[in-house]
$ cat target-v4.cif   # mmCIF, C-alpha atoms and all ligand atoms
data_structure
#
loop_
_atom_site.group_PDB
_atom_site.id
_atom_site.type_symbol
_atom_site.label_atom_id
_atom_site.label_comp_id
_atom_site.auth_asym_id
_atom_site.auth_seq_id
_atom_site.Cartn_x
_atom_site.Cartn_y
_atom_site.Cartn_z
ATOM 1 C CA MET E 1 0.000 0.000 0.000
ATOM 2 C CA GLN E 2 1.204 3.492 -0.740
ATOM 3 C CA ASN E 3 0.909 6.587 1.386
ATOM 4 C CA GLU E 4 -0.734 9.566 -0.201
ATOM 5 C CA GLU E 5 -1.021 13.226 0.625
ATOM 6 C CA ILE E 6 -3.981 15.515 -0.010
ATOM 7 C CA ASN E 7 -4.976 19.056 0.798
ATOM 8 C CA SER E 8 -8.330 19.437 2.441
ATOM 9 C CA ASN E 9 -9.775 22.787 3.514
ATOM 10 C CA ASP E 10 -6.321 24.335 3.108
ATOM 11 C CA ASN E 11 -4.981 22.162 5.915
ATOM 12 C CA GLU E 12 -2.582 19.514 4.813
ATOM 13 C CA VAL E 13 -3.706 16.068 5.838
ATOM 14 C CA LYS E 14 -1.337 13.228 5.283
ATOM 15 C CA TYR E 15 -2.548 9.652 5.054
ATOM 16 C CA VAL E 16 -0.219 7.042 6.480
ATOM 17 C CA ARG E 17 -0.883 3.379 5.805
ATOM 18 C CA THR E 18 0.281 1.074 8.547
ATOM 19 C CA THR E 19 -0.774 -1.750 10.845
ATOM 20 C CA ALA E 20 -0.648 -2.491 14.563
ATOM 21 C CA ALA E 21 1.835 -4.662 16.407
ATOM 22 C CA PHE E 22 -0.659 -5.789 19.056
ATOM 23 C CA ASP E 23 -0.263 -9.415 20.019
ATOM 24 C CA CYS E 24 -3.815 -10.018 18.875
ATOM 25 C CA GLY E 25 -3.570 -12.456 16.008
ATOM 26 C CA GLY E 26 -4.468 -9.774 13.476
ATOM 27 C CA ARG E 27 -2.409 -7.377 11.422
ATOM 28 C CA CYS E 28 -5.246 -5.258 10.141
ATOM 29 C CA PRO E 29 -4.562 -2.533 7.603
ATOM 30 C CA LEU E 30 -4.858 0.923 9.156
ATOM 31 C CA LYS E 31 -5.045 4.360 7.618
ATOM 32 C CA PHE E 32 -3.914 7.204 9.865
ATOM 33 C CA HIS E 33 -5.028 10.748 9.083
ATOM 34 C CA VAL E 34 -2.106 12.921 10.192
ATOM 35 C CA LYS E 35 -2.239 16.692 10.508
ATOM 36 C CA ASN E 36 0.548 18.857 11.884
ATOM 37 C CA GLY E 37 2.376 15.706 12.933
ATOM 38 C CA LYS E 38 -0.567 14.429 14.951
ATOM 39 C CA ILE E 39 -2.920 11.549 14.228
ATOM 40 C CA ILE E 40 -6.389 13.023 14.004
ATOM 41 C CA ARG E 41 -8.277 9.949 12.860
ATOM 42 C CA VAL E 42 -7.780 6.211 12.443
ATOM 43 C CA GLU E 43 -9.590 4.309 9.743
ATOM 44 C CA GLY E 44 -9.548 0.652 8.859
ATOM 45 C CA ASP E 45 -9.239 -0.892 5.448
ATOM 46 C CA ASP E 46 -10.873 1.435 2.936
ATOM 47 C CA LEU E 47 -10.712 -0.828 -0.087
ATOM 48 C CA VAL E 48 -13.888 -0.606 -2.093
ATOM 49 C CA ASP E 49 -14.731 -4.281 -1.877
ATOM 50 C CA ASP E 50 -17.769 -5.067 0.232
ATOM 51 C CA GLU E 51 -17.013 -8.774 0.353
ATOM 52 C CA ASN E 52 -13.383 -8.699 1.404
ATOM 53 C CA GLN E 53 -12.770 -5.668 3.570
ATOM 54 C CA LEU E 54 -10.292 -6.405 6.351
ATOM 55 C CA ARG E 55 -12.188 -4.505 9.016
ATOM 56 C CA THR E 56 -10.497 -3.413 12.198
ATOM 57 C CA CYS E 57 -11.824 -3.885 15.703
ATOM 58 C CA VAL E 58 -12.336 -0.999 18.124
ATOM 59 C CA LYS E 59 -8.938 -1.537 19.727
ATOM 60 C CA CYS E 60 -7.055 -0.177 16.734
ATOM 61 C CA ARG E 61 -9.730 2.389 15.986
ATOM 62 C CA ALA E 62 -8.960 3.794 19.446
ATOM 63 C CA LEU E 63 -5.187 3.812 18.897
ATOM 64 C CA ARG E 64 -5.038 7.607 19.235
ATOM 65 C CA LYS E 65 -6.012 7.266 22.886
ATOM 66 C CA TYR E 66 -3.233 4.749 23.375
ATOM 67 C CA ILE E 67 -0.619 6.828 21.560
ATOM 68 C CA TYR E 68 -1.538 10.180 23.135
ATOM 69 C CA HIS E 69 -2.512 8.964 26.590
ATOM 70 C CA PRO E 70 -1.013 11.359 29.178
ATOM 71 C CA GLU E 71 0.340 8.427 31.195
ATOM 72 C CA ARG E 72 1.924 6.624 28.270
ATOM 73 C CA LEU E 73 5.452 5.538 29.121
ATOM 74 C CA LYS E 74 7.709 7.294 26.621
ATOM 75 C CA TYR E 75 11.079 7.280 28.365
ATOM 76 C CA PRO E 76 12.764 5.393 31.230
ATOM 77 C CA LEU E 77 11.529 6.182 34.727
ATOM 78 C CA LYS E 78 13.291 5.138 37.900
ATOM 79 C CA ARG E 79 11.426 4.494 41.137
ATOM 80 C CA VAL E 80 12.615 6.907 43.811
ATOM 81 C CA GLY E 81 10.256 6.060 46.668
ATOM 82 C CA PRO E 82 9.070 2.874 48.348
ATOM 83 C CA LYS E 83 7.281 0.337 46.141
ATOM 84 C CA GLY E 84 3.662 1.289 45.626
ATOM 85 C CA GLU E 85 4.156 4.950 46.440
ATOM 86 C CA GLY E 86 4.229 5.805 42.752
ATOM 87 C CA LYS E 87 7.243 8.126 42.851
ATOM 88 C CA PHE E 88 9.496 8.014 39.808
ATOM 89 C CA LYS E 89 12.070 10.245 38.160
ATOM 90 C CA ARG E 90 13.011 10.441 34.530
ATOM 91 C CA ILE E 91 16.429 9.043 33.612
ATOM 92 C CA SER E 92 18.276 8.818 30.295
ATOM 93 C CA TRP E 93 18.380 5.677 28.168
ATOM 94 C CA ASP E 94 22.118 5.336 28.925
ATOM 95 C CA GLU E 95 21.450 5.504 32.656
ATOM 96 C CA ALA E 96 18.656 2.954 32.322
ATOM 97 C CA LEU E 97 20.829 0.544 30.345
ATOM 98 C CA GLU E 98 23.677 0.904 32.825
ATOM 99 C CA GLU E 99 21.378 0.258 35.791
ATOM 100 C CA ILE E 100 19.835 -2.790 34.157
ATOM 101 C CA ALA E 101 23.246 -4.201 33.180
ATOM 102 C CA GLU E 102 24.526 -3.661 36.712
ATOM 103 C CA LYS E 103 21.501 -5.388 38.286
ATOM 104 C CA LEU E 104 21.734 -8.291 35.855
ATOM 105 C CA LYS E 105 25.411 -8.840 36.658
ATOM 106 C CA TYR E 106 24.709 -8.577 40.393
ATOM 107 C CA THR E 107 21.813 -11.076 40.206
ATOM 108 C CA LYS E 108 23.818 -13.510 38.107
ATOM 109 C CA GLU E 109 26.818 -13.415 40.441
ATOM 110 C CA LYS E 110 24.826 -13.604 43.672
ATOM 111 C CA TYR E 111 21.943 -15.959 42.750
ATOM 112 C CA GLY E 112 22.760 -17.499 39.371
ATOM 113 C CA ASN E 113 21.067 -17.098 35.994
ATOM 114 C CA GLU E 114 17.946 -18.957 37.094
ATOM 115 C CA ALA E 115 17.097 -15.961 39.290
ATOM 116 C CA ILE E 116 16.566 -13.839 36.160
ATOM 117 C CA PHE E 117 12.948 -14.049 35.040
ATOM 118 C CA LEU E 118 12.215 -13.126 31.451
ATOM 119 C CA PRO E 119 8.517 -12.772 30.606
ATOM 120 C CA MET E 120 7.893 -12.585 26.893
ATOM 121 C CA SER E 121 5.152 -11.527 24.510
ATOM 122 C CA GLY E 122 1.918 -9.780 25.322
ATOM 123 C CA GLY E 123 0.575 -6.384 24.339
ATOM 124 C CA TYR E 124 2.804 -4.622 21.877
ATOM 125 C CA LEU E 125 5.756 -6.757 22.959
ATOM 126 C CA GLY E 126 4.395 -9.767 21.108
ATOM 127 C CA ALA E 127 5.600 -8.459 17.795
ATOM 128 C CA TYR E 128 8.938 -7.147 19.037
ATOM 129 C CA HIS E 129 10.054 -9.553 21.745
ATOM 130 C CA SER E 130 8.799 -12.795 20.308
ATOM 131 C CA PRO E 131 10.473 -15.692 22.133
ATOM 132 C CA VAL E 132 12.535 -16.522 19.092
ATOM 133 C CA VAL E 133 14.222 -13.189 18.651
ATOM 134 C CA ALA E 134 16.456 -10.666 20.337
ATOM 135 C CA MET E 135 15.660 -11.115 24.026
ATOM 136 C CA VAL E 136 16.183 -14.859 24.051
ATOM 137 C CA ARG E 137 19.402 -14.497 22.106
ATOM 138 C CA LEU E 138 20.684 -11.809 24.449
ATOM 139 C CA PHE E 139 19.830 -13.676 27.648
ATOM 140 C CA THR E 140 21.079 -16.971 26.294
ATOM 141 C CA HIS E 141 24.446 -15.358 25.580
ATOM 142 C CA PHE E 142 24.319 -14.011 29.114
ATOM 143 C CA GLY E 143 24.154 -17.547 30.490
ATOM 144 C CA GLY E 144 20.432 -18.313 30.626
ATOM 145 C CA TYR E 145 17.248 -17.244 32.392
ATOM 146 C CA SER E 146 13.970 -18.526 33.838
ATOM 147 C CA THR E 147 10.650 -17.994 32.143
ATOM 148 C CA HIS E 148 7.023 -19.054 32.404
ATOM 149 C CA HIS E 149 5.922 -22.528 31.430
ATOM 150 C CA GLY E 150 4.263 -22.844 28.051
ATOM 151 C CA ASN E 151 2.382 -20.283 26.063
ATOM 152 C CA ILE E 152 0.956 -17.424 28.125
ATOM 153 C CA SER E 153 -2.117 -16.856 26.022
ATOM 154 C CA SER E 154 -3.216 -20.039 24.297
ATOM 155 C CA GLU E 155 -1.600 -23.007 26.001
ATOM 156 C CA GLY E 156 -4.869 -24.971 26.179
ATOM 157 C CA ALA E 157 -5.546 -24.498 22.483
ATOM 158 C CA VAL E 158 -1.944 -25.311 21.563
ATOM 159 C CA TRP E 159 -2.073 -28.671 23.382
ATOM 160 C CA ALA E 160 -5.581 -29.536 22.248
ATOM 161 C CA THR E 161 -4.807 -28.897 18.582
ATOM 162 C CA GLN E 162 -1.511 -30.769 18.806
ATOM 163 C CA ALA E 163 -3.265 -33.765 20.355
ATOM 164 C CA GLN E 164 -6.072 -33.621 17.826
ATOM 165 C CA TYR E 165 -4.338 -32.531 14.629
ATOM 166 C CA MET E 166 -0.619 -33.070 15.365
ATOM 167 C CA SER E 167 0.054 -29.359 14.885
ATOM 168 C CA PRO E 168 -0.795 -26.107 16.657
ATOM 169 C CA PHE E 169 -1.082 -24.376 13.280
ATOM 170 C CA VAL E 170 -4.648 -25.244 12.461
ATOM 171 C CA GLY E 171 -7.912 -23.400 12.201
ATOM 172 C CA HIS E 172 -10.465 -22.047 9.841
ATOM 173 C CA SER E 173 -10.554 -18.790 7.988
ATOM 174 C CA ARG E 174 -13.018 -16.357 9.521
ATOM 175 C CA GLU E 175 -15.281 -16.630 6.476
ATOM 176 C CA ASP E 176 -15.852 -20.279 7.352
ATOM 177 C CA MET E 177 -18.071 -19.158 10.241
ATOM 178 C CA LEU E 178 -20.701 -18.502 7.587
ATOM 179 C CA ASN E 179 -20.886 -22.265 6.969
ATOM 180 C CA SER E 180 -21.783 -23.022 10.607
ATOM 181 C CA ASN E 181 -25.128 -24.126 11.982
ATOM 182 C CA LEU E 182 -24.305 -22.813 15.438
ATOM 183 C CA ILE E 183 -21.520 -20.553 16.703
ATOM 184 C CA ILE E 184 -20.463 -20.589 20.362
ATOM 185 C CA LEU E 185 -18.407 -17.631 21.570
ATOM 186 C CA TRP E 186 -16.729 -18.997 24.673
ATOM 187 C CA GLY E 187 -15.257 -16.009 26.480
ATOM 188 C CA TRP E 188 -14.659 -14.238 23.186
ATOM 189 C CA ASN E 189 -15.300 -10.586 22.462
ATOM 190 C CA PRO E 190 -13.938 -9.914 18.981
ATOM 191 C CA ALA E 191 -15.642 -6.513 18.760
ATOM 192 C CA ARG E 192 -13.004 -5.356 21.263
ATOM 193 C CA MET E 193 -10.171 -7.353 19.776
ATOM 194 C CA ASN E 194 -10.595 -9.490 16.721
ATOM 195 C CA SER E 195 -8.101 -12.237 17.565
ATOM 196 C CA GLY E 196 -7.589 -12.443 13.836
ATOM 197 C CA THR E 197 -8.621 -9.939 11.240
ATOM 198 C CA ASP E 198 -12.284 -9.823 10.251
ATOM 199 C CA ALA E 199 -13.718 -11.953 13.066
ATOM 200 C CA ILE E 200 -16.463 -9.514 14.063
ATOM 201 C CA TYR E 201 -17.190 -8.653 10.434
ATOM 202 C CA ASN E 202 -17.908 -12.296 9.632
ATOM 203 C CA LEU E 203 -19.798 -12.802 12.887
ATOM 204 C CA VAL E 204 -22.119 -9.961 11.938
ATOM 205 C CA LYS E 205 -22.571 -11.554 8.515
ATOM 206 C CA ALA E 206 -23.315 -14.902 10.199
ATOM 207 C CA HIS E 207 -25.842 -13.220 12.477
ATOM 208 C CA GLU E 208 -27.507 -11.541 9.495
ATOM 209 C CA LYS E 209 -27.603 -14.910 7.751
ATOM 210 C CA GLY E 210 -29.613 -16.290 10.675
ATOM 211 C CA ILE E 211 -26.917 -18.549 12.156
ATOM 212 C CA LYS E 212 -27.552 -18.969 15.875
ATOM 213 C CA ILE E 213 -24.840 -17.465 18.080
ATOM 214 C CA ILE E 214 -24.511 -18.256 21.787
ATOM 215 C CA SER E 215 -22.112 -16.337 24.002
ATOM 216 C CA ILE E 216 -20.747 -17.885 27.201
ATOM 217 C CA ASN E 217 -19.120 -15.061 29.094
ATOM 218 C CA PRO E 218 -19.351 -13.580 32.610
ATOM 219 C CA LYS E 219 -19.565 -10.175 30.938
ATOM 220 C CA TYR E 220 -22.230 -9.039 28.498
ATOM 221 C CA SER E 221 -19.771 -7.878 25.863
ATOM 222 C CA ASP E 222 -19.948 -5.487 22.913
ATOM 223 C CA THR E 223 -19.976 -8.530 20.643
ATOM 224 C CA ASP E 224 -22.931 -10.010 22.539
ATOM 225 C CA VAL E 225 -24.885 -6.785 22.116
ATOM 226 C CA VAL E 226 -24.448 -6.967 18.361
ATOM 227 C CA VAL E 227 -24.639 -10.661 17.468
ATOM 228 C CA ALA E 228 -25.569 -12.982 20.354
ATOM 229 C CA ASP E 229 -28.959 -14.701 20.243
ATOM 230 C CA GLN E 230 -28.330 -16.035 23.725
ATOM 231 C CA TRP E 231 -25.972 -14.920 26.484
ATOM 232 C CA ILE E 232 -25.034 -17.387 29.204
ATOM 233 C CA PRO E 233 -23.455 -15.427 32.094
ATOM 234 C CA ILE E 234 -21.183 -18.178 33.365
ATOM 235 C CA ILE E 235 -19.582 -17.863 36.805
ATOM 236 C CA PRO E 236 -15.809 -17.383 36.343
ATOM 237 C CA GLY E 237 -13.864 -20.607 36.922
ATOM 238 C CA THR E 238 -16.784 -22.929 36.129
ATOM 239 C CA ASP E 239 -16.084 -23.344 32.402
ATOM 240 C CA VAL E 240 -14.826 -26.918 32.635
ATOM 241 C CA ALA E 241 -17.798 -27.938 34.806
ATOM 242 C CA MET E 242 -20.115 -26.518 32.162
ATOM 243 C CA MET E 243 -18.267 -28.319 29.351
ATOM 244 C CA VAL E 244 -18.485 -31.610 31.244
ATOM 245 C CA ALA E 245 -22.203 -30.999 31.853
ATOM 246 C CA MET E 246 -22.682 -30.392 28.119
ATOM 247 C CA ALA E 247 -20.793 -33.612 27.337
ATOM 248 C CA ASN E 248 -22.982 -35.441 29.856
ATOM 249 C CA VAL E 249 -26.146 -34.321 28.060
ATOM 250 C CA MET E 250 -24.675 -35.234 24.655
ATOM 251 C CA ILE E 251 -23.725 -38.720 25.840
ATOM 252 C CA THR E 252 -26.825 -39.551 27.901
ATOM 253 C CA GLU E 253 -29.144 -38.292 25.174
ATOM 254 C CA ASN E 254 -27.081 -40.041 22.510
ATOM 255 C CA LEU E 255 -26.387 -36.837 20.601
ATOM 256 C CA HIS E 256 -22.715 -37.614 20.022
ATOM 257 C CA ASP E 257 -21.172 -39.019 16.845
ATOM 258 C CA GLN E 258 -19.990 -42.453 17.985
ATOM 259 C CA SER E 259 -18.601 -43.508 14.604
ATOM 260 C CA PHE E 260 -16.442 -40.355 14.470
ATOM 261 C CA LEU E 261 -15.215 -40.998 18.017
ATOM 262 C CA ASP E 262 -14.422 -44.643 17.211
ATOM 263 C CA LYS E 263 -12.485 -43.680 14.120
ATOM 264 C CA TYR E 264 -10.576 -40.604 15.255
ATOM 265 C CA THR E 265 -10.172 -40.656 19.036
ATOM 266 C CA VAL E 266 -8.782 -42.770 21.851
ATOM 267 C CA GLY E 267 -9.941 -42.861 25.458
ATOM 268 C CA PHE E 268 -13.612 -42.027 24.904
ATOM 269 C CA ASP E 269 -14.731 -44.905 27.168
ATOM 270 C CA LYS E 270 -12.768 -43.442 30.068
ATOM 271 C CA PHE E 271 -14.140 -39.979 29.360
ATOM 272 C CA LYS E 272 -17.684 -41.377 29.214
ATOM 273 C CA GLU E 273 -17.260 -42.984 32.627
ATOM 274 C CA TYR E 274 -15.863 -39.751 34.039
ATOM 275 C CA VAL E 275 -18.711 -37.681 32.650
HETATM 276 S S1 LIG U 301 -7.394 -7.467 15.378
HETATM 277 FE FE1 LIG U 301 -7.918 -5.439 16.254
HETATM 278 S S2 LIG U 301 -6.176 -4.959 17.583
HETATM 279 FE FE2 LIG U 301 -5.504 -6.577 16.180
HETATM 280 S S3 LIG U 301 -4.542 -5.499 14.422
HETATM 281 FE FE3 LIG U 301 -6.701 -5.898 13.912
HETATM 282 S S4 LIG U 301 -7.795 -4.028 14.516
HETATM 283 FE FE4 LIG U 301 -5.804 -4.013 15.565
#
$ encode --input "target-v4.cif" --output "structure tokens"
Amino acid sequence: MQNEEINSNDNEVKYVRTTAAFDCGGRCPLKFHVKNGKIIRVEGDDLVDDENQLRTCVKCRALRKYIYHPERLKYPLKRVGPKGEGKFKRISWDEALEEIAEKLKYTKEKYGNEAIFLPMSGGYLGAYHSPVVAMVRLFTHFGGYSTHHGNISSEGAVWATQAQYMSPFVGHSREDMLNSNLIILWGWNPARMNSGTDAIYNLVKAHEKGIKIISINPKYSDTDVVVADQWIPIIPGTDVAMMVAMANVMITENLHDQSFLDKYTVGFDKFKEYV
């Protein structure tokens, strides 16, 4: 995509095409309207193609608030009071790097490398500090580090898809939702964050097509307002109990596909007993 410049009402407005680096599963096309060096508006994909627009969710549409928030961290701050008091002073990048290097060396010498905890991914860091890039390389050269177990955002899905399909890289395109008979949104609010470009767009299309959509979520979300035919306000922490209850109904009322289970799964007998 190319950037373009226009004059409107004698004020120069520059259009900048970009995307977001949120760790959201989407890389939606964005069009910033920039005037006097400031973003004055954020638009999504403006291609004139009703069928294939890559529509953004509200998170990127609100990027101006993120970028210009008065409390946005734009330079290193050092705590100067007790923890929790909220007192910080601005320091230079060189000072920050020196302090961090000093603390890392101290921790390594006194407690060993395992005392260094390196959390990775999340927020904007997902795109920059992906576990396979610079931070891991740096800390590996430094002698090692500790980190969290597994994937911080989708460990359950990663294991389930590996067990089922032998790969975590599976899924359907968002358009495939239009081929469903029933869509269950389990704790999912793609109007706030798509988790993949065009999720809410295709959900709205599915809703308009008459496909039933059930939302299971403690919160009545923006997505539920727009597309849910039924909202089940589950109590947090009871998801697995509800899934087992659903399986119980399917099995006792013989709604399950036994031939599929026989052909593609192992351990159903044990699961049936458990349920
Ligand atoms: S899914 Fe939402 S947050 Fe992610 S890039 Fe697209 S518009 Fe931005």
$ atom_distance --input "target-v4.cif" --atom1 "CA of Asp269 in chain E" --atom2 "CA of Ala157 in chain E"
22.9 Å
$ residues_near_ligand --input "target-v4.cif" --ligand "ligand LIG 301 (chain U)" --cutoff "10 Å" --atoms "only C-alpha atoms and all ligand atoms" --output "compact mmCIF listing (two decimals) with C-alpha atoms, in the frame of the given file"
# COMPACT_ATOMS: atom_id res chain seq x y z
CA THR E 19 -0.77 -1.75 10.84
CA ALA E 20 -0.65 -2.49 14.56
CA ALA E 21 1.84 -4.66 16.41
CA PHE E 22 -0.66 -5.79 19.06
CA ASP E 23 -0.26 -9.41 20.02
CA CYS E 24 -3.82 -10.02 18.88
CA GLY E 25 -3.57 -12.46 16.01
CA GLY E 26 -4.47 -9.77 13.48
CA ARG E 27 -2.41 -7.38 11.42
CA CYS E 28 -5.25 -5.26 10.14
CA PRO E 29 -4.56 -2.53 7.60
CA LEU E 30 -4.86 0.92 9.16
CA GLU E 43 -9.59 4.31 9.74
CA GLY E 44 -9.55 0.65 8.86
CA ASP E 45 -9.24 -0.89 5.45
CA LEU E 54 -10.29 -6.40 6.35
CA ARG E 55 -12.19 -4.50 9.02
CA THR E 56 -10.50 -3.41 12.20
CA CYS E 57 -11.82 -3.88 15.70
CA VAL E 58 -12.34 -1.00 18.12
CA LYS E 59 -8.94 -1.54 19.73
CA CYS E 60 -7.06 -0.18 16.73
CA ARG E 61 -9.73 2.39 15.99
CA ALA E 62 -8.96 3.79 19.45
CA LEU E 63 -5.19 3.81 18.90
CA GLY E 123 0.57 -6.38 24.34
CA TYR E 124 2.80 -4.62 21.88
CA PRO E 190 -13.94 -9.91 18.98
CA ALA E 191 -15.64 -6.51 18.76
CA ARG E 192 -13.00 -5.36 21.26
CA MET E 193 -10.17 -7.35 19.78
CA ASN E 194 -10.60 -9.49 16.72
CA SER E 195 -8.10 -12.24 17.57
CA GLY E 196 -7.59 -12.44 13.84
CA THR E 197 -8.62 -9.94 11.24
CA ASP E 198 -12.28 -9.82 10.25
CA ALA E 199 -13.72 -11.95 13.07
CA ILE E 200 -16.46 -9.51 14.06
$ atom_distance --input "target-v4.cif" --atom1 "CA of Gly210 in chain E" --atom2 "CA of Ile235 in chain E"
28.0 Å
$ axis_aligned_box --input "target-v4.cif" --around "range 18-35 of chain E" --padding-each-side "5 Å" --output "AutoDock Vina command-line options"
--center_x -1.7 --center_y 2.1 --center_z 13.8 --size_x 17.1 --size_y 39.1 --size_z 22.4
$ closest_residue --input "target-v4.cif" --among "E:Tyr201, E:Phe271, E:Phe169, E:Tyr66" --to "Val244 in chain E" --atoms "only C-alpha atoms"
E:Phe271
$ atom_distance --input "target-v4.cif" --atom1 "CA of Asp224 in chain E" --atom2 "CA of His207 in chain E"
11.0 Å
$ residues_around --input "target-v4.cif" --residues "Ala247 in chain E" --least-positions-apart "2" --cutoff "12 Å" --atoms "all atoms listed in the file" --output "number ranges by chain"
E: 240-245, 249-257, 268, 271-275
$ write_last_selection --input "target-v4.cif" --atoms "C-alpha atoms" --output "CSV table (one decimal), keeping the file's coordinate frame"
chain,number,residue,atom,x,y,z
E,240,VAL,CA,-14.8,-26.9,32.6
E,241,ALA,CA,-17.8,-27.9,34.8
E,242,MET,CA,-20.1,-26.5,32.2
E,243,MET,CA,-18.3,-28.3,29.4
E,244,VAL,CA,-18.5,-31.6,31.2
E,245,ALA,CA,-22.2,-31.0,31.9
E,249,VAL,CA,-26.1,-34.3,28.1
E,250,MET,CA,-24.7,-35.2,24.7
E,251,ILE,CA,-23.7,-38.7,25.8
E,252,THR,CA,-26.8,-39.6,27.9
E,253,GLU,CA,-29.1,-38.3,25.2
E,254,ASN,CA,-27.1,-40.0,22.5
E,255,LEU,CA,-26.4,-36.8,20.6
E,256,HIS,CA,-22.7,-37.6,20.0
E,257,ASP,CA,-21.2,-39.0,16.8
E,268,PHE,CA,-13.6,-42.0,24.9
E,271,PHE,CA,-14.1,-40.0,29.4
E,272,LYS,CA,-17.7,-41.4,29.2
E,273,GLU,CA,-17.3,-43.0,32.6
E,274,TYR,CA,-15.9,-39.8,34.0
E,275,VAL,CA,-18.7,-37.7,32.6
$ resolve_selection --input "target-v4.cif" --expression "the PyMOL selection byres (((chain E and resi 142-156) around 9) and not hetatm)" --output "CSV table (one decimal) with C-alpha atoms, in the frame of the given file"
chain,number,residue,atom,x,y,z
E,108,LYS,CA,23.8,-13.5,38.1
E,112,GLY,CA,22.8,-17.5,39.4
E,113,ASN,CA,21.1,-17.1,36.0
E,114,GLU,CA,17.9,-19.0,37.1
E,115,ALA,CA,17.1,-16.0,39.3
E,116,ILE,CA,16.6,-13.8,36.2
E,117,PHE,CA,12.9,-14.0,35.0
E,118,LEU,CA,12.2,-13.1,31.5
E,119,PRO,CA,8.5,-12.8,30.6
E,120,MET,CA,7.9,-12.6,26.9
E,121,SER,CA,5.2,-11.5,24.5
E,122,GLY,CA,1.9,-9.8,25.3
E,136,VAL,CA,16.2,-14.9,24.1
E,137,ARG,CA,19.4,-14.5,22.1
E,138,LEU,CA,20.7,-11.8,24.4
E,139,PHE,CA,19.8,-13.7,27.6
E,140,THR,CA,21.1,-17.0,26.3
E,141,HIS,CA,24.4,-15.4,25.6
E,157,ALA,CA,-5.5,-24.5,22.5
E,158,VAL,CA,-1.9,-25.3,21.6
E,159,TRP,CA,-2.1,-28.7,23.4
E,160,ALA,CA,-5.6,-29.5,22.2
E,161,THR,CA,-4.8,-28.9,18.6
$ resolve_selection --input "target-v4.cif" --expression "the PyMOL selection byres (((chain E and resi 36-40) around 12) and not hetatm)" --output "MDAnalysis selection string"
chainID E and resid 11:17 30:35 41:43 61:68
$ resolve_selection --input "target-v4.cif" --expression "the PyMOL selection byres (((chain E and resi 180) around 12) and not hetatm)" --output "compact mmCIF listing (two decimals) with C-alpha atoms, in the frame of the given file"
# COMPACT_ATOMS: atom_id res chain seq x y z
CA HIS E 172 -10.46 -22.05 9.84
CA ARG E 174 -13.02 -16.36 9.52
CA GLU E 175 -15.28 -16.63 6.48
CA ASP E 176 -15.85 -20.28 7.35
CA MET E 177 -18.07 -19.16 10.24
CA LEU E 178 -20.70 -18.50 7.59
CA ASN E 179 -20.89 -22.26 6.97
CA ASN E 181 -25.13 -24.13 11.98
CA LEU E 182 -24.30 -22.81 15.44
CA ILE E 183 -21.52 -20.55 16.70
CA ILE E 184 -20.46 -20.59 20.36
CA ASN E 202 -17.91 -12.30 9.63
CA LEU E 203 -19.80 -12.80 12.89
CA LYS E 205 -22.57 -11.55 8.52
CA ALA E 206 -23.32 -14.90 10.20
CA HIS E 207 -25.84 -13.22 12.48
CA LYS E 209 -27.60 -14.91 7.75
CA GLY E 210 -29.61 -16.29 10.68
CA ILE E 211 -26.92 -18.55 12.16
CA LYS E 212 -27.55 -18.97 15.88
CA ILE E 213 -24.84 -17.46 18.08
